[in-house]
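For reference, the structure discussed in these notes is given below.
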Amino acid sequence: MTGMNTGRVSRALACAAAALLSMVGGRWASAQELVLKRELPRVEAVSCPPDSTPVATPSERERAEAERLRSAAMAAQIVGDLFQARDLLTRAALLDPGSADIAYRLGRSLEELGQSQAAVPEYCRFLELGPSAADSAEVLQRLTSLVPPDPSRISAEAVRFFEEGIAYFDAERFSEAERAFSAAVVEAPRWADGLYNRAVVYAAVGRPQSAARDLRAYLSLKPDAPDRARVIAWIDDAQLVPVAAPPSAEVTAAAAGPSPVTALASGLLFPGLGQFYTRRPVAGLAYLTLAGGAIAFGALYKETDVFCATPAVDGDCPSAAVLSESTDRPFLLPAAGVGLAISVWAAVSAYRGARAQRARPSGSDPG
């Protein structure tokens, strides 16, 4: 039979170890609370001014007159009378404001006369009336050159860089992810999510000060962000991380950053040591506690089998009736395997972190 008192002690130790792992896991999760924003915005090729003019349905007579004026305007354009063509098309547009063709020709006429800003609403009306028309691509290109750039507009190029940054980050190619998100920020400097995602990359490679700087810019552009409280808490935590002094000019090896090979070897030698070497003590402490807790649980949990000559009294065998007893630690090997797996994972993570730090340009913020 199994000793009841020993079993109770073993279960208590198991519960304590599980609670310890749970607390450490929760603290580690809070340290990793910055996650990428993946929602893509609606791409606006150009920003048209709002048109509040109601579009009335023309009568057949008005439509016919508008068509006559359009034909007369085309004839005036052929002979080079651009002012006459503009006046005729303006009258035609008033009679039939729902005609995409008249809107297009009026816009071209105004642009040819140098009245570019007056041409913009006509081109926008054409795109609204005939978005799939054959001339829509040309009109869109003309509008792009006529409308002043809007710093709040998010271009297709910015979205492309944003998507590339997400893909690089998921592949743990952090240097490429940083460059992609930086390019997105250049293309759309008032896009808050681009700054936020670059901050996530900085945090992943151990540059908390750079991450905090981008997060402050994110909050200034998006003061009502739903994750505002969490971002502020992360920035506050980042202020507790000491900023390393600039390396001396004599120590070129230190200037290059931590050695990935040394980080890997340190992590394999002792759980979390690679993270301490690469200046990520929180991660190192988390890996050390997880690996140590797993091994301690396997070593402390034991089962005792007692062979008793008489029936047990209240679950205990009288000492005089004990024939033999044996102790076994059934979870020692699995727990050691878990500890070894955590150590290997920590070493690989330290290796990647060291490589990311070495990939940063010389003189960049070490975080």
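Ordering of the structure tokens sets the chain letters (A, B, ...); residue numbers start at 1 within each chain; ligands are numbered from 1 in the order shown.
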Let's see if you can do this: from backbone DSSP, list all helix (DSSP H, G or I) residues in region 204-321 of chain A, as a compact mmCIF listing (two decimals) with all heavy atoms, in the first residue's frame.
```txt
# COMPACT_ATOMS: atom_id res chain seq x y z
N ALA A 204 10.94 43.91 -28.70
CA ALA A 204 11.33 42.51 -28.90
C ALA A 204 12.84 42.32 -28.95
O ALA A 204 13.34 41.26 -28.58
CB ALA A 204 10.70 41.98 -30.19
N PRO A 208 14.07 49.21 -25.02
CA PRO A 208 12.87 49.78 -24.40
C PRO A 208 12.76 51.29 -24.54
O PRO A 208 11.66 51.82 -24.62
CB PRO A 208 13.00 49.36 -22.93
CG PRO A 208 14.46 49.12 -22.73
CD PRO A 208 14.97 48.58 -24.02
N GLN A 209 13.90 51.99 -24.57
CA GLN A 209 13.82 53.46 -24.67
C GLN A 209 13.30 53.89 -26.04
O GLN A 209 12.48 54.81 -26.15
CB GLN A 209 15.19 54.08 -24.39
CG GLN A 209 15.81 53.65 -23.06
CD GLN A 209 14.90 53.91 -21.88
OE1 GLN A 209 14.23 54.93 -21.83
NE2 GLN A 209 14.85 52.97 -20.94
N SER A 210 13.76 53.21 -27.09
CA SER A 210 13.25 53.50 -28.43
C SER A 210 11.78 53.13 -28.53
O SER A 210 10.99 53.85 -29.15
CB SER A 210 14.06 52.73 -29.48
OG SER A 210 15.40 53.16 -29.50
N ALA A 211 11.41 52.00 -27.92
CA ALA A 211 10.01 51.58 -27.94
C ALA A 211 9.13 52.60 -27.22
O ALA A 211 8.05 52.98 -27.70
CB ALA A 211 9.86 50.20 -27.30
N ALA A 212 9.60 53.08 -26.06
CA ALA A 212 8.82 54.06 -25.29
C ALA A 212 8.65 55.35 -26.09
O ALA A 212 7.59 55.98 -26.06
CB ALA A 212 9.50 54.34 -23.96
N ARG A 213 9.69 55.77 -26.83
CA ARG A 213 9.60 56.99 -27.63
C ARG A 213 8.50 56.86 -28.69
O ARG A 213 7.68 57.76 -28.88
CB ARG A 213 10.94 57.25 -28.31
CG ARG A 213 10.99 58.50 -29.20
CD ARG A 213 12.22 58.47 -30.06
NE ARG A 213 12.20 57.32 -30.96
CZ ARG A 213 13.29 56.65 -31.33
NH1 ARG A 213 14.47 56.98 -30.85
NH2 ARG A 213 13.19 55.63 -32.17
N ASP A 214 8.47 55.71 -29.41
CA ASP A 214 7.44 55.52 -30.43
C ASP A 214 6.05 55.37 -29.81
O ASP A 214 5.05 55.80 -30.40
CB ASP A 214 7.76 54.28 -31.27
CG ASP A 214 8.73 54.60 -32.40
OD1 ASP A 214 9.12 55.77 -32.53
OD2 ASP A 214 9.09 53.68 -33.16
N LEU A 215 5.98 54.77 -28.63
CA LEU A 215 4.68 54.62 -27.98
C LEU A 215 4.12 55.97 -27.53
O LEU A 215 2.90 56.19 -27.58
CB LEU A 215 4.80 53.67 -26.79
CG LEU A 215 5.02 52.19 -27.14
CD1 LEU A 215 5.24 51.37 -25.87
CD2 LEU A 215 3.85 51.63 -27.94
N ARG A 216 4.98 56.87 -27.11
CA ARG A 216 4.50 58.21 -26.76
C ARG A 216 3.96 58.92 -28.00
O ARG A 216 2.92 59.60 -27.94
CB ARG A 216 5.64 59.04 -26.15
CG ARG A 216 6.09 58.55 -24.78
CD ARG A 216 7.04 59.55 -24.15
NE ARG A 216 7.73 58.97 -23.01
CZ ARG A 216 8.94 58.44 -23.05
NH1 ARG A 216 9.60 58.43 -24.20
NH2 ARG A 216 9.49 57.92 -21.98
N ALA A 217 4.66 58.77 -29.13
CA ALA A 217 4.16 59.36 -30.37
C ALA A 217 2.84 58.72 -30.78
O ALA A 217 1.93 59.39 -31.27
CB ALA A 217 5.21 59.19 -31.48
N TYR A 218 2.71 57.41 -30.56
CA TYR A 218 1.46 56.70 -30.86
C TYR A 218 0.31 57.29 -30.07
O TYR A 218 -0.78 57.55 -30.63
CB TYR A 218 1.66 55.22 -30.56
CG TYR A 218 0.39 54.41 -30.42
CD1 TYR A 218 -0.35 54.02 -31.54
CD2 TYR A 218 -0.08 54.03 -29.17
CE1 TYR A 218 -1.51 53.28 -31.41
CE2 TYR A 218 -1.24 53.28 -29.03
CZ TYR A 218 -1.95 52.91 -30.15
OH TYR A 218 -3.10 52.17 -30.02
N LEU A 219 0.52 57.53 -28.79
CA LEU A 219 -0.56 58.07 -27.95
C LEU A 219 -0.88 59.52 -28.30
O LEU A 219 -2.03 59.95 -28.17
CB LEU A 219 -0.17 57.96 -26.47
CG LEU A 219 -0.11 56.54 -25.90
CD1 LEU A 219 0.34 56.57 -24.45
CD2 LEU A 219 -1.44 55.83 -26.03
N SER A 220 0.13 60.29 -28.73
CA SER A 220 -0.15 61.67 -29.11
C SER A 220 -0.98 61.73 -30.39
O SER A 220 -1.81 62.64 -30.56
CB SER A 220 1.17 62.43 -29.31
OG SER A 220 1.88 61.94 -30.44
N LEU A 221 -0.78 60.77 -31.30
CA LEU A 221 -1.58 60.73 -32.53
C LEU A 221 -2.95 60.09 -32.29
O LEU A 221 -3.90 60.36 -33.02
CB LEU A 221 -0.83 59.94 -33.60
CG LEU A 221 0.43 60.58 -34.18
CD1 LEU A 221 1.16 59.61 -35.09
CD2 LEU A 221 0.09 61.85 -34.94
N ARG A 228 -4.77 52.47 -24.38
CA ARG A 228 -3.98 53.58 -23.81
C ARG A 228 -3.42 53.22 -22.43
O ARG A 228 -2.24 53.45 -22.16
CB ARG A 228 -4.84 54.84 -23.73
CG ARG A 228 -4.11 56.03 -23.12
CD ARG A 228 -5.00 57.27 -23.04
NE ARG A 228 -4.29 58.37 -22.44
CZ ARG A 228 -3.50 59.20 -23.09
NH1 ARG A 228 -3.33 59.03 -24.39
NH2 ARG A 228 -2.88 60.18 -22.48
N ALA A 229 -4.24 52.66 -21.55
CA ALA A 229 -3.79 52.36 -20.18
C ALA A 229 -2.65 51.35 -20.20
O ALA A 229 -1.66 51.50 -19.46
CB ALA A 229 -4.96 51.84 -19.35
N ARG A 230 -2.77 50.32 -21.04
CA ARG A 230 -1.72 49.30 -21.10
C ARG A 230 -0.42 49.87 -21.66
O ARG A 230 0.67 49.56 -21.18
CB ARG A 230 -2.19 48.12 -21.95
CG ARG A 230 -1.21 46.94 -21.91
CD ARG A 230 -1.77 45.73 -22.62
NE ARG A 230 -1.77 45.94 -24.07
CZ ARG A 230 -2.82 45.77 -24.85
NH1 ARG A 230 -3.97 45.42 -24.32
NH2 ARG A 230 -2.74 45.95 -26.15
N VAL A 231 -0.55 50.75 -22.67
CA VAL A 231 0.65 51.35 -23.26
C VAL A 231 1.35 52.25 -22.25
O VAL A 231 2.58 52.24 -22.13
CB VAL A 231 0.27 52.14 -24.53
CG1 VAL A 231 1.45 52.96 -25.03
CG2 VAL A 231 -0.18 51.18 -25.63
N ILE A 232 0.57 53.04 -21.50
CA ILE A 232 1.17 53.91 -20.49
C ILE A 232 1.88 53.08 -19.42
O ILE A 232 2.99 53.42 -18.98
CB ILE A 232 0.09 54.81 -19.86
CG1 ILE A 232 -0.42 55.83 -20.89
CG2 ILE A 232 0.62 55.52 -18.63
CD1 ILE A 232 -1.55 56.70 -20.39
N ALA A 233 1.27 51.96 -19.02
CA ALA A 233 1.91 51.10 -18.03
C ALA A 233 3.22 50.53 -18.56
O ALA A 233 4.22 50.44 -17.84
CB ALA A 233 0.96 49.97 -17.64
N TRP A 234 3.24 50.17 -19.84
CA TRP A 234 4.47 49.64 -20.43
C TRP A 234 5.55 50.72 -20.47
O TRP A 234 6.72 50.44 -20.16
CB TRP A 234 4.20 49.14 -21.85
CG TRP A 234 5.27 48.23 -22.37
CD1 TRP A 234 5.28 46.88 -22.38
CD2 TRP A 234 6.53 48.64 -22.95
NE1 TRP A 234 6.45 46.41 -22.92
CE2 TRP A 234 7.24 47.46 -23.27
CE3 TRP A 234 7.11 49.87 -23.21
CZ2 TRP A 234 8.50 47.49 -23.87
CZ3 TRP A 234 8.38 49.90 -23.78
CH2 TRP A 234 9.05 48.72 -24.11
N ILE A 235 5.17 51.94 -20.82
CA ILE A 235 6.15 53.03 -20.86
C ILE A 235 6.71 53.28 -19.46
O ILE A 235 7.93 53.48 -19.29
CB ILE A 235 5.50 54.32 -21.41
CG1 ILE A 235 5.12 54.13 -22.88
CG2 ILE A 235 6.44 55.51 -21.26
CD1 ILE A 235 4.33 55.29 -23.47
N ASP A 236 5.85 53.24 -18.45
CA ASP A 236 6.32 53.44 -17.07
C ASP A 236 7.32 52.36 -16.67
O ASP A 236 8.32 52.64 -16.02
CB ASP A 236 5.13 53.45 -16.11
CG ASP A 236 4.26 54.69 -16.28
OD1 ASP A 236 4.75 55.67 -16.87
OD2 ASP A 236 3.09 54.66 -15.85
N ASP A 237 7.03 51.11 -17.05
CA ASP A 237 7.97 50.02 -16.74
C ASP A 237 9.29 50.22 -17.47
O ASP A 237 10.36 49.91 -16.94
CB ASP A 237 7.37 48.67 -17.14
CG ASP A 237 6.24 48.25 -16.21
OD1 ASP A 237 6.15 48.82 -15.11
OD2 ASP A 237 5.45 47.36 -16.59
N ALA A 238 9.23 50.74 -18.69
CA ALA A 238 10.46 50.93 -19.47
C ALA A 238 11.38 51.95 -18.82
O ALA A 238 12.61 51.88 -18.99
CB ALA A 238 10.12 51.36 -20.89
N THR A 252 36.12 47.71 -29.29
CA THR A 252 35.37 47.51 -30.53
C THR A 252 34.47 46.29 -30.47
O THR A 252 33.41 46.26 -31.08
CB THR A 252 36.34 47.36 -31.70
OG1 THR A 252 37.24 46.29 -31.42
CG2 THR A 252 37.13 48.64 -31.91
N ALA A 253 34.90 45.27 -29.74
CA ALA A 253 34.07 44.07 -29.66
C ALA A 253 32.78 44.37 -28.92
O ALA A 253 31.70 43.92 -29.31
CB ALA A 253 34.84 42.96 -28.94
N ALA A 254 32.89 45.15 -27.82
CA ALA A 254 31.68 45.51 -27.08
C ALA A 254 30.80 46.41 -27.91
O ALA A 254 29.57 46.35 -27.84
CB ALA A 254 32.04 46.20 -25.76
N ALA A 255 31.40 47.26 -28.73
CA ALA A 255 30.61 48.16 -29.57
C ALA A 255 29.78 47.39 -30.58
O ALA A 255 28.74 47.85 -31.01
CB ALA A 255 31.54 49.14 -30.29
N PRO A 260 26.49 36.30 -30.37
CA PRO A 260 25.43 35.28 -30.41
C PRO A 260 25.91 33.92 -29.93
O PRO A 260 25.17 33.20 -29.25
CB PRO A 260 25.03 35.25 -31.89
CG PRO A 260 25.44 36.59 -32.43
CD PRO A 260 26.67 36.95 -31.68
N VAL A 261 27.15 33.54 -30.27
CA VAL A 261 27.68 32.23 -29.84
C VAL A 261 27.81 32.19 -28.33
O VAL A 261 27.45 31.19 -27.68
CB VAL A 261 29.03 31.96 -30.53
CG1 VAL A 261 29.63 30.66 -30.01
CG2 VAL A 261 28.86 31.90 -32.04
N THR A 262 28.33 33.26 -27.74
CA THR A 262 28.45 33.30 -26.28
C THR A 262 27.08 33.26 -25.62
O THR A 262 26.90 32.61 -24.58
CB THR A 262 29.19 34.57 -25.86
OG1 THR A 262 30.47 34.62 -26.51
CG2 THR A 262 29.40 34.62 -24.36
N ALA A 263 26.11 33.96 -26.21
CA ALA A 263 24.76 33.94 -25.65
C ALA A 263 24.17 32.53 -25.69
O ALA A 263 23.54 32.08 -24.72
CB ALA A 263 23.86 34.91 -26.44
N LEU A 264 24.40 31.82 -26.80
CA LEU A 264 23.89 30.44 -26.91
C LEU A 264 24.57 29.53 -25.91
O LEU A 264 23.91 28.74 -25.21
CB LEU A 264 24.11 29.94 -28.34
CG LEU A 264 23.67 28.51 -28.62
CD1 LEU A 264 22.15 28.38 -28.48
CD2 LEU A 264 24.10 28.08 -30.02
N ALA A 265 25.91 29.61 -25.82
CA ALA A 265 26.64 28.75 -24.89
C ALA A 265 26.26 29.03 -23.45
O ALA A 265 26.11 28.11 -22.64
CB ALA A 265 28.15 28.94 -25.10
N SER A 266 26.10 30.32 -23.11
CA SER A 266 25.71 30.67 -21.74
C SER A 266 24.34 30.10 -21.40
O SER A 266 24.13 29.59 -20.31
CB SER A 266 25.71 32.19 -21.58
OG SER A 266 26.97 32.74 -21.87
N GLY A 267 23.41 30.20 -22.37
CA GLY A 267 22.07 29.68 -22.13
C GLY A 267 22.06 28.17 -21.97
O GLY A 267 21.27 27.63 -21.18
N LEU A 268 22.90 27.47 -22.71
CA LEU A 268 22.98 26.01 -22.57
C LEU A 268 23.67 25.60 -21.27
O LEU A 268 23.37 24.55 -20.70
CB LEU A 268 23.73 25.41 -23.76
CG LEU A 268 23.02 25.52 -25.12
CD1 LEU A 268 23.92 25.01 -26.23
CD2 LEU A 268 21.70 24.75 -25.11
N LEU A 269 24.59 26.45 -20.80
CA LEU A 269 25.30 26.14 -19.56
C LEU A 269 24.39 26.28 -18.34
O LEU A 269 24.44 25.46 -17.42
CB LEU A 269 26.51 27.08 -19.43
CG LEU A 269 27.37 26.90 -18.17
CD1 LEU A 269 28.04 25.53 -18.20
CD2 LEU A 269 28.42 28.01 -18.09
N LEU A 273 20.91 32.26 -18.43
CA LEU A 273 22.17 33.01 -18.38
C LEU A 273 22.40 33.78 -19.68
O LEU A 273 22.99 34.87 -19.67
CB LEU A 273 23.34 32.04 -18.12
CG LEU A 273 24.71 32.69 -17.88
CD1 LEU A 273 24.65 33.65 -16.69
CD2 LEU A 273 25.77 31.61 -17.66
N GLY A 274 21.93 33.23 -20.80
CA GLY A 274 22.07 33.94 -22.08
C GLY A 274 21.30 35.24 -22.09
O GLY A 274 21.76 36.24 -22.66
N GLN A 275 20.13 35.27 -21.43
CA GLN A 275 19.34 36.51 -21.36
C GLN A 275 20.04 37.55 -20.49
O GLN A 275 20.04 38.74 -20.82
CB GLN A 275 17.94 36.22 -20.82
CG GLN A 275 16.95 35.73 -21.84
CD GLN A 275 17.28 34.36 -22.37
OE1 GLN A 275 17.84 33.53 -21.67
NE2 GLN A 275 16.93 34.12 -23.63
N PHE A 276 20.65 37.09 -19.38
CA PHE A 276 21.40 38.04 -18.56
C PHE A 276 22.58 38.61 -19.34
O PHE A 276 22.90 39.79 -19.23
CB PHE A 276 21.89 37.37 -17.27
CG PHE A 276 20.82 37.16 -16.24
CD1 PHE A 276 20.18 35.94 -16.10
CD2 PHE A 276 20.43 38.21 -15.42
CE1 PHE A 276 19.18 35.76 -15.16
CE2 PHE A 276 19.43 38.04 -14.47
CZ PHE A 276 18.80 36.81 -14.34
N TYR A 277 23.21 37.77 -20.15
CA TYR A 277 24.36 38.22 -20.95
C TYR A 277 23.94 39.26 -21.99
O TYR A 277 24.67 40.21 -22.27
CB TYR A 277 25.00 37.01 -21.62
CG TYR A 277 26.04 37.35 -22.67
CD1 TYR A 277 27.25 37.93 -22.30
CD2 TYR A 277 25.79 37.13 -24.02
CE1 TYR A 277 28.19 38.26 -23.26
CE2 TYR A 277 26.73 37.45 -24.98
CZ TYR A 277 27.93 38.02 -24.60
OH TYR A 277 28.85 38.36 -25.55
N PRO A 281 17.43 40.91 -18.23
CA PRO A 281 17.36 40.19 -16.95
C PRO A 281 15.98 39.66 -16.61
O PRO A 281 15.86 38.62 -15.96
CB PRO A 281 17.85 41.23 -15.93
CG PRO A 281 17.58 42.55 -16.57
CD PRO A 281 17.80 42.33 -18.04
N VAL A 282 14.93 40.38 -17.01
CA VAL A 282 13.58 39.89 -16.70
C VAL A 282 13.32 38.56 -17.38
O VAL A 282 12.82 37.60 -16.77
CB VAL A 282 12.53 40.94 -17.12
CG1 VAL A 282 11.12 40.39 -16.93
CG2 VAL A 282 12.70 42.22 -16.31
N ALA A 283 13.69 38.47 -18.65
CA ALA A 283 13.52 37.21 -19.37
C ALA A 283 14.40 36.13 -18.78
O ALA A 283 13.99 34.96 -18.64
CB ALA A 283 13.84 37.41 -20.85
N GLY A 284 15.65 36.48 -18.41
CA GLY A 284 16.55 35.49 -17.82
C GLY A 284 16.00 34.93 -16.52
O GLY A 284 16.05 33.72 -16.27
N LEU A 285 15.47 35.82 -15.67
CA LEU A 285 14.90 35.37 -14.41
C LEU A 285 13.67 34.47 -14.64
O LEU A 285 13.48 33.47 -13.94
CB LEU A 285 14.51 36.58 -13.57
CG LEU A 285 13.90 36.28 -12.19
CD1 LEU A 285 14.89 35.52 -11.33
CD2 LEU A 285 13.47 37.57 -11.50
N ALA A 286 12.89 34.81 -15.65
CA ALA A 286 11.70 34.01 -15.95
C ALA A 286 12.11 32.60 -16.39
O ALA A 286 11.56 31.59 -15.92
CB ALA A 286 10.87 34.69 -17.03
N TYR A 287 13.07 32.50 -17.31
CA TYR A 287 13.53 31.17 -17.77
C TYR A 287 14.16 30.38 -16.63
O TYR A 287 13.94 29.16 -16.50
CB TYR A 287 14.53 31.33 -18.91
CG TYR A 287 13.91 31.65 -20.24
CD1 TYR A 287 14.29 32.77 -20.97
CD2 TYR A 287 12.94 30.82 -20.79
CE1 TYR A 287 13.72 33.07 -22.19
CE2 TYR A 287 12.37 31.11 -22.02
CZ TYR A 287 12.76 32.23 -22.72
OH TYR A 287 12.20 32.51 -23.94
N LEU A 288 14.96 31.04 -15.80
CA LEU A 288 15.59 30.35 -14.68
C LEU A 288 14.55 29.80 -13.71
O LEU A 288 14.65 28.66 -13.25
CB LEU A 288 16.53 31.32 -13.96
CG LEU A 288 17.18 30.81 -12.67
CD1 LEU A 288 18.03 29.60 -12.96
CD2 LEU A 288 18.01 31.91 -12.01
N THR A 289 13.54 30.60 -13.41
CA THR A 289 12.51 30.16 -12.47
C THR A 289 11.68 29.02 -13.05
O THR A 289 11.34 28.05 -12.34
CB THR A 289 11.59 31.34 -12.11
OG1 THR A 289 12.38 32.44 -11.67
CG2 THR A 289 10.62 30.96 -11.02
N LEU A 290 11.36 29.11 -14.34
CA LEU A 290 10.57 28.04 -14.97
C LEU A 290 11.34 26.73 -14.97
O LEU A 290 10.81 25.67 -14.61
CB LEU A 290 10.20 28.45 -16.39
CG LEU A 290 9.11 29.52 -16.53
CD1 LEU A 290 9.00 29.98 -17.98
CD2 LEU A 290 7.77 28.98 -16.05
N ALA A 291 12.61 26.77 -15.41
CA ALA A 291 13.41 25.54 -15.47
C ALA A 291 13.66 24.99 -14.07
O ALA A 291 13.51 23.78 -13.81
CB ALA A 291 14.73 25.81 -16.19
N GLY A 292 14.05 25.89 -13.13
CA GLY A 292 14.30 25.43 -11.77
C GLY A 292 13.05 24.90 -11.09
O GLY A 292 13.10 23.90 -10.37
N GLY A 293 11.92 25.56 -11.34
CA GLY A 293 10.68 25.07 -10.75
C GLY A 293 10.28 23.70 -11.26
O GLY A 293 9.80 22.85 -10.49
N ALA A 294 10.48 23.47 -12.57
CA ALA A 294 10.14 22.15 -13.13
C ALA A 294 11.01 21.06 -12.52
O ALA A 294 10.52 19.99 -12.13
CB ALA A 294 10.31 22.19 -14.65
N ILE A 295 12.33 21.32 -12.43
CA ILE A 295 13.24 20.31 -11.87
C ILE A 295 12.96 20.09 -10.39
O ILE A 295 12.97 18.95 -9.89
CB ILE A 295 14.70 20.74 -12.11
CG1 ILE A 295 15.00 20.77 -13.61
CG2 ILE A 295 15.66 19.79 -11.41
CD1 ILE A 295 16.35 21.33 -13.96
N ALA A 296 12.70 21.18 -9.66
CA ALA A 296 12.41 21.05 -8.23
C ALA A 296 11.14 20.23 -7.99
O ALA A 296 11.08 19.40 -7.08
CB ALA A 296 12.28 22.43 -7.60
N PHE A 297 10.14 20.46 -8.85
CA PHE A 297 8.91 19.68 -8.70
C PHE A 297 9.18 18.20 -8.90
O PHE A 297 8.72 17.34 -8.14
CB PHE A 297 7.88 20.17 -9.71
CG PHE A 297 6.69 19.25 -9.86
CD1 PHE A 297 5.78 19.11 -8.84
CD2 PHE A 297 6.52 18.51 -11.03
CE1 PHE A 297 4.69 18.26 -8.96
CE2 PHE A 297 5.44 17.65 -11.16
CZ PHE A 297 4.51 17.53 -10.13
N GLY A 298 9.96 17.85 -9.93
CA GLY A 298 10.26 16.44 -10.18
C GLY A 298 11.07 15.82 -9.07
O GLY A 298 10.89 14.62 -8.75
N ALA A 299 11.96 16.61 -8.44
CA ALA A 299 12.80 16.06 -7.38
C ALA A 299 12.03 15.92 -6.07
O ALA A 299 12.26 14.98 -5.30
CB ALA A 299 14.02 16.95 -7.18
N LEU A 300 11.10 16.85 -5.80
CA LEU A 300 10.40 16.83 -4.52
C LEU A 300 9.20 15.90 -4.50
O LEU A 300 8.83 15.36 -3.44
CB LEU A 300 9.95 18.25 -4.16
CG LEU A 300 11.07 19.26 -3.87
CD1 LEU A 300 10.49 20.64 -3.66
CD2 LEU A 300 11.88 18.81 -2.65
N SER A 319 4.39 0.98 12.90
CA SER A 319 5.80 0.78 12.58
C SER A 319 6.25 -0.66 12.81
O SER A 319 7.10 -1.18 12.08
CB SER A 319 6.67 1.73 13.42
OG SER A 319 6.41 1.51 14.81
N ALA A 320 5.64 -1.35 13.80
CA ALA A 320 6.03 -2.73 14.07
C ALA A 320 5.55 -3.67 12.98
O ALA A 320 6.10 -4.77 12.83
CB ALA A 320 5.47 -3.16 15.43
N ALA A 321 4.55 -3.22 12.20
CA ALA A 321 3.99 -4.11 11.17
C ALA A 321 4.55 -3.82 9.78
O ALA A 321 4.16 -4.46 8.81
CB ALA A 321 2.47 -3.98 11.15
```
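For Pro41 (chain A), the list of residues within 10 Å, based on only C-alpha atoms and with local chain neighbours fewer than 4 positions off taken out, reads Ile154, Ser155, Ala156, Val159, Trp191 and Asp193 of chain A.
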Let's have the selection written as a PDB file, in the first residue's frame, with N, CA and C atoms.
```pdb
ATOM      1  N   ILE A 154      -3.264  57.586 -45.679  1.00  0.00           N
ATOM      2  CA  ILE A 154      -2.448  56.372 -45.670  1.00  0.00           C
ATOM      3  C   ILE A 154      -2.416  55.821 -47.087  1.00  0.00           C
ATOM      4  N   SER A 155      -1.257  55.817 -47.681  1.00  0.00           N
ATOM      5  CA  SER A 155      -1.117  55.390 -49.071  1.00  0.00           C
ATOM      6  C   SER A 155      -0.990  53.876 -49.168  1.00  0.00           C
ATOM      7  N   ALA A 156      -1.167  53.373 -50.388  1.00  0.00           N
ATOM      8  CA  ALA A 156      -1.012  51.941 -50.628  1.00  0.00           C
ATOM      9  C   ALA A 156       0.416  51.499 -50.349  1.00  0.00           C
ATOM     10  N   VAL A 159       0.849  50.926 -46.623  1.00  0.00           N
ATOM     11  CA  VAL A 159       0.214  49.662 -46.222  1.00  0.00           C
ATOM     12  C   VAL A 159       1.069  48.474 -46.644  1.00  0.00           C
ATOM     13  N   TRP A 191       0.310  57.976 -39.127  1.00  0.00           N
ATOM     14  CA  TRP A 191      -0.356  56.685 -38.949  1.00  0.00           C
ATOM     15  C   TRP A 191       0.115  56.105 -37.609  1.00  0.00           C
ATOM     16  N   ASP A 193      -0.659  53.408 -35.892  1.00  0.00           N
ATOM     17  CA  ASP A 193      -0.375  51.979 -35.793  1.00  0.00           C
ATOM     18  C   ASP A 193       1.006  51.626 -36.339  1.00  0.00           C
TER      19      ASP A 193
END
```
Problem set entry | All residues 10 Å or closer to region 167-184 of chain A, only C-alpha atoms, same chain fewer than 5 positions away omitted, as number ranges by chain | A: 36, 154-162, 189, 191, 193-202, 204-205, 352-353, 355-361
For this session: Tell me which protein, DNA and RNA residues are within 10 Å of Gly107 (chain A), counting only C-alpha atoms, leaving out same-chain ones fewer than 3 positions away, and put them as a PyMOL selection string.
Result: chain A and resi 86+89-90+101-104+110-112+115-126+139
